[in-house]
Each structure stands twice: as structure tokens, then as C-alpha cells.
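One structure is given here, and the rest of the page talks about it.
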Amino acid sequence: MTAEVLVEKKKLAKPPLEIYRLGDRVLRQPAKRIAKVDAEIKQLIREMLQTMYSADGIGLAAPQTAVNKQLIVIDCDPEEAATPPLVLINPVVKQASRDLSVTQEGCLSIPGVYMDVKRPAAIEVSYKDEHGRPQKLQATGLLACCIQHEIDHLNGVLFVDRVENALLLNEALAKHGFSAQAVKSIA
């Protein structure tokens, strides 16, 4: 990661972007591919990272901030200043393992709700980095889960759509003031 999109890993009193919540229509629209990585995209990357760190997140997709672009930022180690965040532009999962893992997921767009989600345990993803260069990445564990979660956002899918236990999900959503009507189950 280069200095041009690097930001300090700290909370800002006023993050640059608003994170939209479950029920907002912007979260359900498929994102558009990014044709060119220019100064505007690099500024968006910076603002998304600042917003993610300010919200104590480890991943953020542009559609969560009402920006309809295929861009995600991830940092599975936000406490470690030396670990650079990952920027994925136009990411595509090229391969996914048959092995599944169940991980408890949460989402900055659905604060307070944490539920088990089943996803492929390992993936290969191709994407462009913050310079517009093509990249490939093999991911397992938390990183694989996070990439898949954020790519779902680019397709208008939220993690709650993948939760299999509808009863537990509805209880958790109600407890945190969200409507179960906003879930589009694909589990």
C-alpha cells in the first residue's frame, strides 16, 4: 500500500462518509464496475478507510456509503499500524472451496447484530489494487469471510440474508431496532 491512499488507523470525531443501515435502499443496488482508478477513486478509498476505522470495522464496501461502485476496503488487523489495509476494486471470486466454515459475522450497516453465517472456507479472488493493477489473492479464515461479506454488499446482499436460523435472526434484529422485513433470505 502506498502513501497516496494510506490513512492513520484512528477514530475521527466526524468520519467523512455516512454508513447506511439495513432498510436503506442503497444497500440493495448492485454496484457498478470502476473503469479507471483516478484521483477521485483514491480519495474515496481514503474516506472509506477513515470511515471504517472510525466505526471500529474491519471491512467496508462503497455501497454502504451510498456510493454505487465496486470498491471494498478491508483491514483484519486494525490495531496494528504496520499492517496495511487491503483495497479491492472490481473484485471477483474466481474459486471457492467446497469446505464451508461457519463464522459469526457483524456489519457496520447492522450495528449490534452478530449471527453465524456459512461460507466457503477458502477463496481465490481477482481484483485491481489502488493503482489499478490486476491482482490475485488466496484467502482463508477471517480474510476469506470478510472478502465474501464485502463482495456480497457489491451485489446488494447483506449477511443477514444468509443467516439460516430465522427465529434467532428476527429476535436479534428486533432487539436492535431493525425490521425483519428488510431481510431478503437466500439461506
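Going by the C-alpha cells order, chains are called A, B, ..., each with residues numbered from 1, while ligands are numbered from 1 in the order shown.
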
Among stretch 44-155 of chain A, which residues carry a DSSP assignment of strand (DSSP E), reported as a ChimeraX atom specification? /A:59-61,71-74,86-96,100-105,115-120,122-128,134-140

Got a sec: who's within 8 Å of stretch 47-60 of chain A, counting only C-alpha atoms, leaving out chain neighbours fewer than 6 positions off, as a PDB file with N, CA and C atoms, in the first residue's frame?
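Below you can see out_0.pdb, which holds the result:
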ATOM      1  N   VAL A   7      -3.977   5.949   5.331  1.00  0.00           N
ATOM      2  CA  VAL A   7      -4.547   6.829   6.351  1.00  0.00           C
ATOM      3  C   VAL A   7      -4.153   6.285   7.717  1.00  0.00           C
ATOM      4  N   GLU A   8      -4.167   7.166   8.698  1.00  0.00           N
ATOM      5  CA  GLU A   8      -3.874   6.749  10.054  1.00  0.00           C
ATOM      6  C   GLU A   8      -5.032   5.910  10.581  1.00  0.00           C
ATOM      7  N   LYS A   9      -4.701   4.823  11.286  1.00  0.00           N
ATOM      8  CA  LYS A   9      -5.733   3.945  11.839  1.00  0.00           C
ATOM      9  C   LYS A   9      -6.230   4.543  13.144  1.00  0.00           C
ATOM     10  N   LYS A  10      -7.170   5.472  13.049  1.00  0.00           N
ATOM     11  CA  LYS A  10      -7.700   6.112  14.249  1.00  0.00           C
ATOM     12  C   LYS A  10      -9.150   6.510  14.020  1.00  0.00           C
ATOM     13  N   LYS A  11      -9.850   6.716  15.133  1.00  0.00           N
ATOM     14  CA  LYS A  11     -11.241   7.162  15.068  1.00  0.00           C
ATOM     15  C   LYS A  11     -11.278   8.666  14.847  1.00  0.00           C
ATOM     16  N   LEU A  12     -12.159   9.086  13.949  1.00  0.00           N
ATOM     17  CA  LEU A  12     -12.369  10.514  13.732  1.00  0.00           C
ATOM     18  C   LEU A  12     -13.695  10.909  14.373  1.00  0.00           C
ATOM     19  N   ALA A  13     -13.747  12.090  14.939  1.00  0.00           N
ATOM     20  CA  ALA A  13     -14.991  12.580  15.548  1.00  0.00           C
ATOM     21  C   ALA A  13     -16.090  12.687  14.494  1.00  0.00           C
ATOM     22  N   PRO A  15     -16.421  11.213  10.841  1.00  0.00           N
ATOM     23  CA  PRO A  15     -15.920  10.488   9.666  1.00  0.00           C
ATOM     24  C   PRO A  15     -16.455  11.115   8.375  1.00  0.00           C
ATOM     25  N   PRO A  16     -15.690  11.023   7.278  1.00  0.00           N
ATOM     26  CA  PRO A  16     -16.084  11.695   6.047  1.00  0.00           C
ATOM     27  C   PRO A  16     -17.346  11.137   5.370  1.00  0.00           C
ATOM     28  N   LEU A  17     -17.659   9.870   5.604  1.00  0.00           N
ATOM     29  CA  LEU A  17     -18.801   9.251   4.929  1.00  0.00           C
ATOM     30  C   LEU A  17     -19.828   8.749   5.933  1.00  0.00           C
ATOM     31  N   GLU A  18     -21.093   8.721   5.504  1.00  0.00           N
ATOM     32  CA  GLU A  18     -22.159   8.157   6.324  1.00  0.00           C
ATOM     33  C   GLU A  18     -22.312   6.686   5.971  1.00  0.00           C
ATOM     34  N   ILE A  72     -14.049  -2.140  -2.263  1.00  0.00           N
ATOM     35  CA  ILE A  72     -14.095  -2.522  -0.851  1.00  0.00           C
ATOM     36  C   ILE A  72     -12.731  -2.288  -0.208  1.00  0.00           C
ATOM     37  N   VAL A  73     -12.775  -1.954   1.073  1.00  0.00           N
ATOM     38  CA  VAL A  73     -11.553  -1.830   1.864  1.00  0.00           C
ATOM     39  C   VAL A  73     -11.678  -2.792   3.045  1.00  0.00           C
ATOM     40  N   ILE A  74     -10.557  -3.439   3.384  1.00  0.00           N
ATOM     41  CA  ILE A  74     -10.549  -4.438   4.451  1.00  0.00           C
ATOM     42  C   ILE A  74      -9.283  -4.264   5.273  1.00  0.00           C
ATOM     43  N   ASP A  75      -9.412  -4.412   6.568  1.00  0.00           N
ATOM     44  CA  ASP A  75      -8.247  -4.446   7.455  1.00  0.00           C
ATOM     45  C   ASP A  75      -8.587  -5.369   8.624  1.00  0.00           C
ATOM     46  N   CYS A  76      -8.136  -6.613   8.522  1.00  0.00           N
ATOM     47  CA  CYS A  76      -8.424  -7.599   9.576  1.00  0.00           C
ATOM     48  C   CYS A  76      -7.543  -7.392  10.802  1.00  0.00           C
ATOM     49  N   ASP A  77      -6.631  -6.429  10.748  1.00  0.00           N
ATOM     50  CA  ASP A  77      -5.728  -6.147  11.868  1.00  0.00           C
ATOM     51  C   ASP A  77      -5.684  -4.641  12.134  1.00  0.00           C
ATOM     52  N   PRO A  78      -6.845  -4.048  12.479  1.00  0.00           N
ATOM     53  CA  PRO A  78      -6.904  -2.584  12.606  1.00  0.00           C
ATOM     54  C   PRO A  78      -6.093  -2.013  13.771  1.00  0.00           C
ATOM     55  N   CYS A 107     -21.940  -6.388  10.912  1.00  0.00           N
ATOM     56  CA  CYS A 107     -21.886  -5.471   9.769  1.00  0.00           C
ATOM     57  C   CYS A 107     -22.068  -4.041  10.260  1.00  0.00           C
ATOM     58  N   LEU A 108     -21.279  -3.129   9.723  1.00  0.00           N
ATOM     59  CA  LEU A 108     -21.413  -1.722  10.103  1.00  0.00           C
ATOM     60  C   LEU A 108     -22.775  -1.160   9.723  1.00  0.00           C
ATOM     61  N   CYS A 146     -14.371 -12.118   5.313  1.00  0.00           N
ATOM     62  CA  CYS A 146     -14.545 -10.675   5.167  1.00  0.00           C
ATOM     63  C   CYS A 146     -14.671 -10.281   3.688  1.00  0.00           C
ATOM     64  N   GLU A 150     -18.003  -8.551   2.050  1.00  0.00           N
ATOM     65  CA  GLU A 150     -17.965  -7.253   1.373  1.00  0.00           C
ATOM     66  C   GLU A 150     -18.363  -7.367  -0.104  1.00  0.00           C
TER      67      GLU A 150
END

Would you mind listing what lies within 9 Å of stretch 134-138 of chain A as a PyMOL selection string, with only C-alpha atoms counted and same-chain residues fewer than 2 positions away left out? chain A and resi 88+122-129+131-132+140+144

Write the residues of the selection above to a file with N, CA, C and O atoms, as an mmCIF file, in the first residue's frame.
data_model
loop_
_atom_site.group_PDB
_atom_site.id
_atom_site.type_symbol
_atom_site.label_atom_id
_atom_site.label_comp_id
_atom_site.auth_asym_id
_atom_site.auth_seq_id
_atom_site.Cartn_x
_atom_site.Cartn_y
_atom_site.Cartn_z
ATOM 1 N N LEU A 88 -9.711 -3.527 -2.654
ATOM 2 C CA LEU A 88 -10.107 -4.381 -3.780
ATOM 3 C C LEU A 88 -11.104 -3.626 -4.665
ATOM 4 O O LEU A 88 -12.178 -3.252 -4.205
ATOM 5 N N ALA A 122 -12.207 -21.200 1.915
ATOM 6 C CA ALA A 122 -11.067 -20.638 1.180
ATOM 7 C C ALA A 122 -11.549 -20.141 -0.173
ATOM 8 O O ALA A 122 -12.426 -20.756 -0.788
ATOM 9 N N ILE A 123 -10.979 -19.022 -0.606
ATOM 10 C CA ILE A 123 -11.350 -18.464 -1.911
ATOM 11 C C ILE A 123 -10.115 -17.941 -2.631
ATOM 12 O O ILE A 123 -9.081 -17.676 -2.014
ATOM 13 N N GLU A 124 -10.267 -17.808 -3.950
ATOM 14 C CA GLU A 124 -9.281 -17.071 -4.747
ATOM 15 C C GLU A 124 -10.052 -15.916 -5.363
ATOM 16 O O GLU A 124 -11.107 -16.122 -5.965
ATOM 17 N N VAL A 125 -9.538 -14.719 -5.183
ATOM 18 C CA VAL A 125 -10.218 -13.529 -5.695
ATOM 19 C C VAL A 125 -9.277 -12.752 -6.612
ATOM 20 O O VAL A 125 -8.073 -12.669 -6.346
ATOM 21 N N SER A 126 -9.826 -12.250 -7.712
ATOM 22 C CA SER A 126 -9.046 -11.359 -8.577
ATOM 23 C C SER A 126 -9.652 -9.967 -8.451
ATOM 24 O O SER A 126 -10.863 -9.821 -8.232
ATOM 25 N N TYR A 127 -8.816 -8.960 -8.558
ATOM 26 C CA TYR A 127 -9.254 -7.579 -8.345
ATOM 27 C C TYR A 127 -8.186 -6.636 -8.867
ATOM 28 O O TYR A 127 -7.105 -7.063 -9.277
ATOM 29 N N LYS A 128 -8.493 -5.356 -8.851
ATOM 30 C CA LYS A 128 -7.484 -4.342 -9.130
ATOM 31 C C LYS A 128 -7.127 -3.675 -7.804
ATOM 32 O O LYS A 128 -8.007 -3.459 -6.961
ATOM 33 N N ASP A 129 -5.857 -3.341 -7.640
ATOM 34 C CA ASP A 129 -5.430 -2.665 -6.410
ATOM 35 C C ASP A 129 -5.643 -1.151 -6.554
ATOM 36 O O ASP A 129 -6.192 -0.678 -7.558
ATOM 37 N N HIS A 131 -3.806 1.080 -7.402
ATOM 38 C CA HIS A 131 -3.110 1.673 -8.550
ATOM 39 C C HIS A 131 -3.746 1.242 -9.869
ATOM 40 O O HIS A 131 -3.266 1.614 -10.933
ATOM 41 N N GLY A 132 -4.778 0.396 -9.775
ATOM 42 C CA GLY A 132 -5.425 -0.099 -10.982
ATOM 43 C C GLY A 132 -4.740 -1.318 -11.575
ATOM 44 O O GLY A 132 -5.057 -1.749 -12.682
ATOM 45 N N THR A 140 -8.063 -17.375 3.303
ATOM 46 C CA THR A 140 -8.735 -18.339 4.180
ATOM 47 C C THR A 140 -9.109 -17.610 5.463
ATOM 48 O O THR A 140 -8.731 -16.448 5.660
ATOM 49 N N ALA A 144 -10.964 -14.471 4.220
ATOM 50 C CA ALA A 144 -11.871 -15.045 3.209
ATOM 51 C C ALA A 144 -13.312 -14.675 3.531
ATOM 52 O O ALA A 144 -14.076 -14.283 2.643
#

Would you pick out the contacts of A:Lys36 at 10 Å or less, using only C-alpha atoms, so that residues sharing its chain but fewer than 2 positions from it are not included, and give the list as an mmCIF file with N, CA and C atoms, in the first residue's frame?
data_model
loop_
_atom_site.group_PDB
_atom_site.id
_atom_site.type_symbol
_atom_site.label_atom_id
_atom_site.label_comp_id
_atom_site.auth_asym_id
_atom_site.auth_seq_id
_atom_site.Cartn_x
_atom_site.Cartn_y
_atom_site.Cartn_z
ATOM 1 N N ARG A 33 -19.044 -1.402 -11.977
ATOM 2 C CA ARG A 33 -17.592 -1.578 -12.097
ATOM 3 C C ARG A 33 -16.901 -0.216 -12.199
ATOM 4 N N ILE A 34 -15.684 -0.168 -11.723
ATOM 5 C CA ILE A 34 -14.876 1.052 -11.807
ATOM 6 C C ILE A 34 -14.001 0.934 -13.051
ATOM 7 N N ASP A 38 -8.626 6.737 -10.608
ATOM 8 C CA ASP A 38 -8.136 8.110 -10.720
ATOM 9 C C ASP A 38 -8.085 8.760 -9.331
ATOM 10 N N ALA A 39 -7.826 10.053 -9.301
ATOM 11 C CA ALA A 39 -7.709 10.781 -8.029
ATOM 12 C C ALA A 39 -9.010 10.706 -7.229
ATOM 13 N N GLU A 40 -10.141 10.713 -7.912
ATOM 14 C CA GLU A 40 -11.440 10.652 -7.233
ATOM 15 C C GLU A 40 -11.607 9.302 -6.512
ATOM 16 N N ILE A 41 -11.202 8.212 -7.167
ATOM 17 C CA ILE A 41 -11.293 6.875 -6.555
ATOM 18 C C ILE A 41 -10.324 6.782 -5.374
ATOM 19 N N ILE A 89 -10.699 -3.416 -5.911
ATOM 20 C CA ILE A 89 -11.539 -2.736 -6.899
ATOM 21 C C ILE A 89 -12.020 -3.789 -7.891
ATOM 22 N N HIS A 131 -3.806 1.080 -7.402
ATOM 23 C CA HIS A 131 -3.110 1.673 -8.550
ATOM 24 C C HIS A 131 -3.746 1.242 -9.869
ATOM 25 N N GLY A 132 -4.778 0.396 -9.775
ATOM 26 C CA GLY A 132 -5.425 -0.099 -10.982
ATOM 27 C C GLY A 132 -4.740 -1.318 -11.575
#
